[in-house]
$ cat protein28.txt   # compact mmCIF, C-alpha atoms
# COMPACT_ATOMS: atom_id res chain seq x y z
CA GLY A 1 -8.26 -3.54 -13.38
CA SER A 2 -7.93 -7.26 -13.04
CA THR A 3 -9.76 -9.03 -10.27
CA ALA A 4 -10.66 -12.59 -9.47
CA GLU A 5 -14.23 -13.59 -10.12
CA PRO A 6 -16.14 -13.93 -6.84
CA SER A 7 -16.65 -17.57 -5.91
CA SER A 8 -20.07 -18.95 -6.78
CA ASN A 9 -21.02 -19.44 -3.12
CA ASN A 10 -20.59 -15.72 -2.44
CA ASP A 11 -24.11 -14.36 -2.79
CA SER A 12 -23.26 -11.02 -1.14
CA GLN A 13 -21.84 -9.55 -4.33
CA PRO A 14 -24.52 -7.11 -5.40
CA LEU A 15 -22.32 -4.40 -6.88
CA SER A 16 -20.60 -4.14 -10.23
CA VAL A 17 -17.22 -2.44 -10.38
CA GLU A 18 -18.90 0.68 -11.78
CA ALA A 19 -21.35 0.73 -8.87
CA GLN A 20 -18.52 0.24 -6.36
CA LEU A 21 -16.56 3.15 -7.86
CA GLN A 22 -19.72 5.27 -7.67
CA LEU A 23 -20.13 4.25 -4.01
CA ILE A 24 -16.49 5.19 -3.28
CA LEU A 25 -17.15 8.56 -4.95
CA GLU A 26 -20.31 9.13 -2.90
CA GLN A 27 -18.40 8.28 0.29
CA LYS A 28 -15.53 10.68 -0.46
CA ASN A 29 -16.07 12.52 2.83
CA VAL A 30 -15.45 9.24 4.67
CA TRP A 31 -12.08 8.36 3.15
CA GLY A 32 -11.00 11.45 1.23
CA GLN A 33 -10.66 14.14 3.86
CA LEU A 34 -7.42 15.43 5.30
CA ASP A 35 -7.15 14.56 8.97
CA LYS A 36 -4.67 15.37 11.71
CA ASP A 37 -2.47 12.37 10.82
CA TYR A 38 -1.92 13.65 7.32
CA SER A 39 0.54 15.99 5.75
CA ASP A 40 0.07 17.79 2.46
CA ASP A 41 1.68 14.99 0.45
CA LEU A 42 -1.43 12.89 0.06
CA SER A 43 -2.08 10.14 -2.53
CA TYR A 44 -4.85 7.63 -3.19
CA MET A 45 -5.34 4.44 -5.19
CA VAL A 46 -8.13 1.97 -5.97
CA SER A 47 -7.28 -1.72 -5.65
CA ASP A 48 -8.54 -5.20 -4.91
CA LEU A 49 -5.56 -6.43 -2.90
CA ASP A 50 -7.25 -9.58 -1.57
CA GLN A 51 -8.87 -10.28 -4.96
CA ASP A 52 -12.30 -10.87 -3.39
CA GLY A 53 -14.17 -8.62 -5.83
CA LEU A 54 -14.70 -5.87 -3.23
CA LEU A 55 -12.67 -2.77 -4.04
CA GLU A 56 -10.47 -0.83 -1.65
CA ILE A 57 -9.62 2.86 -1.64
CA VAL A 58 -6.21 3.36 -0.03
CA SER A 59 -4.84 6.70 1.14
CA ALA A 60 -1.23 7.43 2.01
CA SER A 61 0.42 10.60 3.22
CA ILE A 62 4.12 11.29 3.57
CA SER A 63 5.41 13.78 6.13
CA GLY A 64 8.77 15.07 7.27
CA THR A 65 12.25 14.66 5.87
CA GLY A 66 12.27 11.15 7.30
CA LEU A 67 9.61 10.05 4.78
CA TYR A 68 7.08 8.97 7.40
CA THR A 69 4.01 7.40 5.79
CA THR A 70 0.52 7.16 7.26
CA GLY A 71 -1.83 4.80 5.41
CA HIS A 72 -5.54 4.03 5.63
CA PHE A 73 -7.38 1.22 3.84
CA TYR A 74 -11.14 1.33 3.23
CA GLU A 75 -13.00 -1.59 1.60
CA VAL A 76 -16.47 -1.75 0.10
CA ASN A 77 -18.50 -3.77 2.59
CA SER A 78 -20.06 -7.11 1.73
CA THR A 79 -23.56 -5.64 1.54
CA GLY A 80 -22.33 -3.05 -0.94
CA ASP A 81 -23.87 -0.05 0.80
CA GLY A 82 -20.85 1.52 2.46
CA LEU A 83 -17.11 1.51 3.14
CA GLU A 84 -15.41 -0.15 6.07
CA LEU A 85 -12.18 1.19 7.55
CA CYS A 86 -9.84 -1.79 7.67
CA THR A 87 -7.83 -2.61 10.78
CA TYR A 88 -4.18 -1.71 10.15
CA SER A 89 -2.05 -2.37 13.20
CA ILE A 90 1.63 -1.41 13.12
CA PRO A 91 3.82 -3.32 15.61
CA GLU A 92 5.17 -1.11 18.41
CA GLY A 93 8.29 0.71 17.32
CA ASP A 94 7.85 -0.14 13.63
CA SER A 95 7.38 2.40 10.85
CA GLU A 96 4.73 2.06 8.14
CA ALA A 97 5.51 0.89 4.62
CA ASP A 98 5.92 3.72 2.10
CA LEU A 99 2.84 2.65 0.15
CA SER A 100 2.59 5.45 -2.39
CA ILE A 101 6.29 5.51 -3.38
CA SER A 102 5.79 2.42 -5.55
CA ASP A 103 3.69 1.95 -8.68
CA SER A 104 4.79 -1.66 -9.17
CA VAL A 105 5.61 -4.14 -6.39
CA PRO A 106 6.36 -7.87 -6.15
CA CYS A 107 3.36 -9.92 -5.02
CA TYR A 108 3.35 -13.47 -3.64
CA TYR A 109 0.16 -15.52 -3.89
CA ASP A 110 -0.17 -18.44 -1.46
CA ALA A 111 -2.94 -20.63 -2.88
CA GLY A 112 -3.08 -22.77 0.28
CA SER A 113 -4.18 -19.84 2.43
CA ASP A 114 -5.59 -17.78 -0.48
CA MET A 115 -3.42 -14.86 0.64
CA TYR A 116 -1.69 -12.17 -1.41
CA TYR A 117 1.47 -10.60 0.02
CA TYR A 118 2.66 -7.30 -1.49
CA ILE A 119 6.29 -6.34 -0.89
CA PHE A 120 6.77 -2.65 -0.10
CA ASN A 121 9.78 -0.74 1.15
CA ASP A 122 9.97 1.65 4.05
CA THR A 123 12.75 4.23 4.13
CA ILE A 124 13.65 6.16 7.27
CA HIS A 125 16.30 8.86 7.28
CA ALA A 126 17.75 9.07 10.79
CA GLY A 127 19.65 12.29 10.26
CA ALA A 128 21.91 12.97 7.32
CA ALA A 129 24.39 10.18 7.98
CA GLU A 130 22.25 7.07 8.25
CA TYR A 131 19.12 5.57 6.79
CA TYR A 132 17.15 2.38 7.08
CA LEU A 133 15.45 0.56 4.22
CA SER A 134 13.02 -2.11 5.41
CA SER A 135 11.25 -4.72 3.30
CA ILE A 136 7.62 -5.11 4.45
CA ALA A 137 5.04 -7.65 3.25
CA ILE A 138 1.47 -6.27 3.34
CA SER A 139 -1.54 -8.59 3.19
CA LEU A 140 -5.29 -7.95 3.42
CA LYS A 141 -7.94 -10.41 4.58
CA ASP A 142 -11.43 -9.71 5.97
CA CYS A 143 -10.69 -5.97 6.06
CA THR A 144 -7.61 -6.50 8.22
CA VAL A 145 -4.27 -5.28 6.87
CA THR A 146 -1.26 -7.15 8.25
CA PRO A 147 2.27 -5.77 7.81
CA GLN A 148 5.19 -8.18 8.25
CA THR A 149 8.72 -6.72 8.30
CA LEU A 150 11.07 -9.17 6.57
CA GLY A 151 14.38 -7.39 7.10
CA THR A 152 16.25 -4.09 7.05
CA GLN A 153 19.23 -2.59 5.25
CA LEU A 154 21.16 -0.08 7.39
CA THR A 155 23.39 2.42 5.56
CA ILE A 156 25.78 4.63 7.57
CA TYR A 157 27.99 7.37 6.14
CA THR A 158 30.96 7.90 8.49
CA ASP A 159 33.37 9.62 6.12
CA PRO A 160 32.31 11.64 3.05
CA LYS A 161 35.41 10.40 1.19
CA LYS A 162 34.58 6.74 1.75
CA ASP A 163 31.75 4.44 0.75
CA PRO A 164 29.07 4.01 3.42
CA THR A 165 28.91 0.98 5.69
CA VAL A 166 25.94 -1.19 4.67
CA THR A 167 24.57 -3.87 6.98
CA TYR A 168 21.74 -6.29 6.11
CA LEU A 169 19.58 -7.73 8.89
CA ARG A 170 16.74 -10.20 9.19
CA ASN A 171 13.78 -8.97 11.22
CA ASP A 172 15.15 -10.84 14.27
CA GLY A 173 18.37 -8.82 14.04
CA THR A 174 20.56 -11.55 12.53
CA GLU A 175 23.10 -10.18 10.06
CA ILE A 176 22.81 -11.60 6.53
CA SER A 177 24.40 -11.08 3.11
CA LYS A 178 23.04 -8.75 0.42
CA ASP A 179 21.97 -11.79 -1.64
CA GLU A 180 20.06 -13.17 1.36
CA PHE A 181 18.47 -9.77 1.95
CA ASP A 182 17.36 -9.57 -1.69
CA ALA A 183 15.80 -13.05 -1.36
CA LEU A 184 13.95 -12.45 1.92
CA ALA A 185 10.49 -12.46 0.31
CA ASP A 186 11.26 -15.62 -1.68
CA ALA A 187 12.32 -17.28 1.60
CA ALA A 188 9.31 -15.96 3.55
CA PHE A 189 6.78 -17.29 1.03
CA PRO A 190 8.43 -20.43 -0.40
CA ASN A 191 5.18 -22.05 -1.57
CA ALA A 192 3.76 -18.91 -3.13
CA GLU A 193 3.47 -17.98 -6.79
CA LYS A 194 5.45 -14.82 -7.53
CA LYS A 195 3.56 -12.12 -9.41
CA GLN A 196 3.87 -8.38 -10.02
CA ALA A 197 1.27 -5.86 -8.90
CA ASP A 198 0.75 -2.54 -10.68
CA LEU A 199 -0.67 0.31 -8.57
CA VAL A 200 -1.86 3.70 -9.83
CA TRP A 201 -1.73 6.49 -7.26
CA PHE A 202 -3.17 9.95 -7.78
CA SER A 203 -2.61 13.20 -5.86
CA PRO A 204 -5.48 15.71 -5.65
CA TYR A 205 -3.29 18.80 -6.03
CA ASN A 206 -1.92 17.49 -9.33
CA ILE A 207 -5.49 17.71 -10.66
CA ASP A 208 -6.57 20.90 -8.89
CA GLU A 209 -3.86 22.93 -7.18
CA ASN A 210 -6.42 24.19 -4.64
CA ALA A 211 -7.51 20.68 -3.62
CA LYS A 212 -5.84 19.67 -0.38
CA ASP A 213 -7.51 16.24 -0.39
CA ALA A 214 -9.69 14.02 -2.58
CA ALA A 215 -12.92 15.27 -1.03
CA ALA A 216 -12.10 18.76 -2.32
CA LEU A 217 -12.12 17.58 -5.96
CA SER A 218 -15.23 17.87 -8.11
CA ASP A 219 -17.18 14.63 -8.51
CA ASP A 220 -16.34 14.50 -12.23
CA ASP A 221 -12.60 14.91 -11.61
CA LEU A 222 -12.58 12.44 -8.74
CA LEU A 223 -14.56 9.77 -10.61
CA GLU A 224 -12.14 10.06 -13.52
CA GLN A 225 -9.20 9.53 -11.14
CA LEU A 226 -10.91 6.57 -9.44
CA ASN A 227 -11.58 4.95 -12.82
CA THR A 228 -8.02 5.51 -14.04
CA SER A 229 -6.57 4.14 -10.81
CA TRP A 230 -8.75 1.02 -10.94
CA LYS A 231 -8.09 0.36 -14.63
CA GLY A 232 -4.36 0.50 -13.96
CA PHE A 233 -4.47 -1.89 -11.00
CA SER A 234 -3.43 -5.43 -11.85
CA VAL A 235 -1.89 -8.53 -10.29
CA GLN A 236 -0.34 -10.87 -12.83

$ encode --input "protein28.txt" --output "C-alpha cells"
Amino acid sequence: GSTAEPSSNNDSQPLSVEAQLQLILEQKNVWGQLDKDYSDDLSYMVSDLDQDGLLEIVSASISGTGLYTTGHFYEVNSTGDGLELCTYSIPEGDSEADLSISDSVPCYYDAGSDMYYYIFNDTIHAGAAEYYLSSIAISLKDCTVTPQTLGTQLTIYTDPKKDPTVTYLRNDGTEISKDEFDALADAAFPNAEKKQADLVWFSPYNIDENAKDAAALSDDDLLEQLNTSWKGFSVQ
C-alpha cells in the first residue's frame, strides 16, 4: 500500500504498518462483527484515505434489491493503542455511497486543504422501471467522513420497446447535459490534482463459507486478508 510519510512534526506515530495491521486484527470484535444494520453481503478493506499514516478498516454491507449500502469507517487512533469509529453522517433523505462495488475510483487531491476526495457511485433501484445513479465524493479528515453528493442520473423505463428516458441533475436539482454530469467532479474540485485510487475489498464467506463476518475468520486467515487488502491499496 502506498501512503504519505507522516510529517516530521507528528510525534504521535508510534506504530509501523505491520503493528497497525496487527492491532486491527486484535480489535476484530470491534469492527468485524455483524450487527443489526448489516445484511449477509459484507465486505471489508484496509486503506489510508486521508494519507496521514494511520490506517482505516472500512466495512460495507449491501442489502435488498435496491442495493442499499451501510458503511462504517474505523481508524487507528493517534496513540496507536486502539481503533476509533469515525463519524459518518449521511444528509437526511440521502442514500449511502456503494463503497464496496468499486475496486478503483477517481480521487481528487486538494493540496491547499490537504484533502482527498474519492468519487463513488450510489445506485438505487426504485422498482423495476426506474433507477437513480448518484455521484458522491467521500473525504476523511480527523476521523470524520464527509459525503458530498455531486449529482444524479435518473433512468426511467416507460415502454419496453423504447429506450429509457435519462435525466441528469446537479445536486440542487438543476438539469444538465450528460457531458456536464460526467464532469461534475472536475467542476467540484477545480484546483485539485486528479488521481486514481485502488481499493481491495474482501468478503469473509469467500474465505470460509461458514464465516458470516470478519470476526468469525481465524486470525491467520484474517491477517492474510488484511495484508492483501493493504498491499493493494494505492492512490497515484

$ atom_distance --input "protein28.txt" --atom1 "atom CA of A:Ala183" --atom2 "atom CA of A:Ser234"
23.2 Å

$ atom_distance --input "protein28.txt" --atom1 "atom CA of A:Ile136" --atom2 "atom CA of A:Leu226"
25.9 Å

$ residues_near_point --input "protein28.txt" --point "(-10.6, 12.5, 4.0)" --cutoff "9 Å" --atoms "only C-alpha atoms" --output "list in words"
Lys28, Asn29, Val30, Trp31, Gly32, Gln33, Leu34, Asp35, Ser59, Asp213, Ala214 and Ala215 of chain A

$ atom_distance --input "protein28.txt" --atom1 "atom CA of A:Gly112" --atom2 "atom CA of A:Leu55"
22.6 Å

$ closest_residue --input "protein28.txt" --among "A:Ala129, A:Leu67, A:Val76, A:Ile176" --to "A:Ile101" --atoms "only C-alpha atoms"
A:Leu67

$ axis_aligned_box --input "protein28.txt" --around "stretch 15-29 of chain A" --padding-each-side "5 Å" --output "JSON"
{"center_x": -18.9, "center_y": 4.1, "center_z": -4.5, "size_x": 16.8, "size_y": 26.9, "size_z": 24.6}

$ residues_around --input "protein28.txt" --residues "A:His125" --least-positions-apart "3" --cutoff "10 Å" --atoms "only C-alpha atoms" --output "number ranges by chain"
A: 64-68, 128-133, 155

$ residues_near_point --input "protein28.txt" --point "(-15.1, -10.3, 6.8)" --cutoff "10 Å" --atoms "only C-alpha atoms" --output "number ranges by chain"
A: 77-78, 141-144

$ residues_around --input "protein28.txt" --residues "A:Ile138" --least-positions-apart "2" --cutoff "7 Å" --atoms "all atoms listed in the file" --output "PyMOL selection string"
chain A and resi 117-119+136+140+145-148

$ closest_residue --input "protein28.txt" --among "A:Gly151, A:Glu193, A:Leu54, A:Trp230" --to "A:Leu83" --atoms "all atoms listed in the file"
A:Leu54

$ residues_around --input "protein28.txt" --residues "A:Ser135" --least-positions-apart "2" --cutoff "8 Å" --atoms "all atoms listed in the file" --output "PyMOL selection string"
chain A and resi 119-122+133+137+149-152

$ closest_residue --input "protein28.txt" --among "A:Pro164, A:Gly232, A:Gly53, A:Gly127" --to "A:Asp198" --atoms "all atoms listed in the file"
A:Gly232

$ closest_residue --input "protein28.txt" --among "A:Lys162, A:Ala192, A:Ala97, A:Glu92" --to "A:Ser113" --atoms "only C-alpha atoms"
A:Ala192
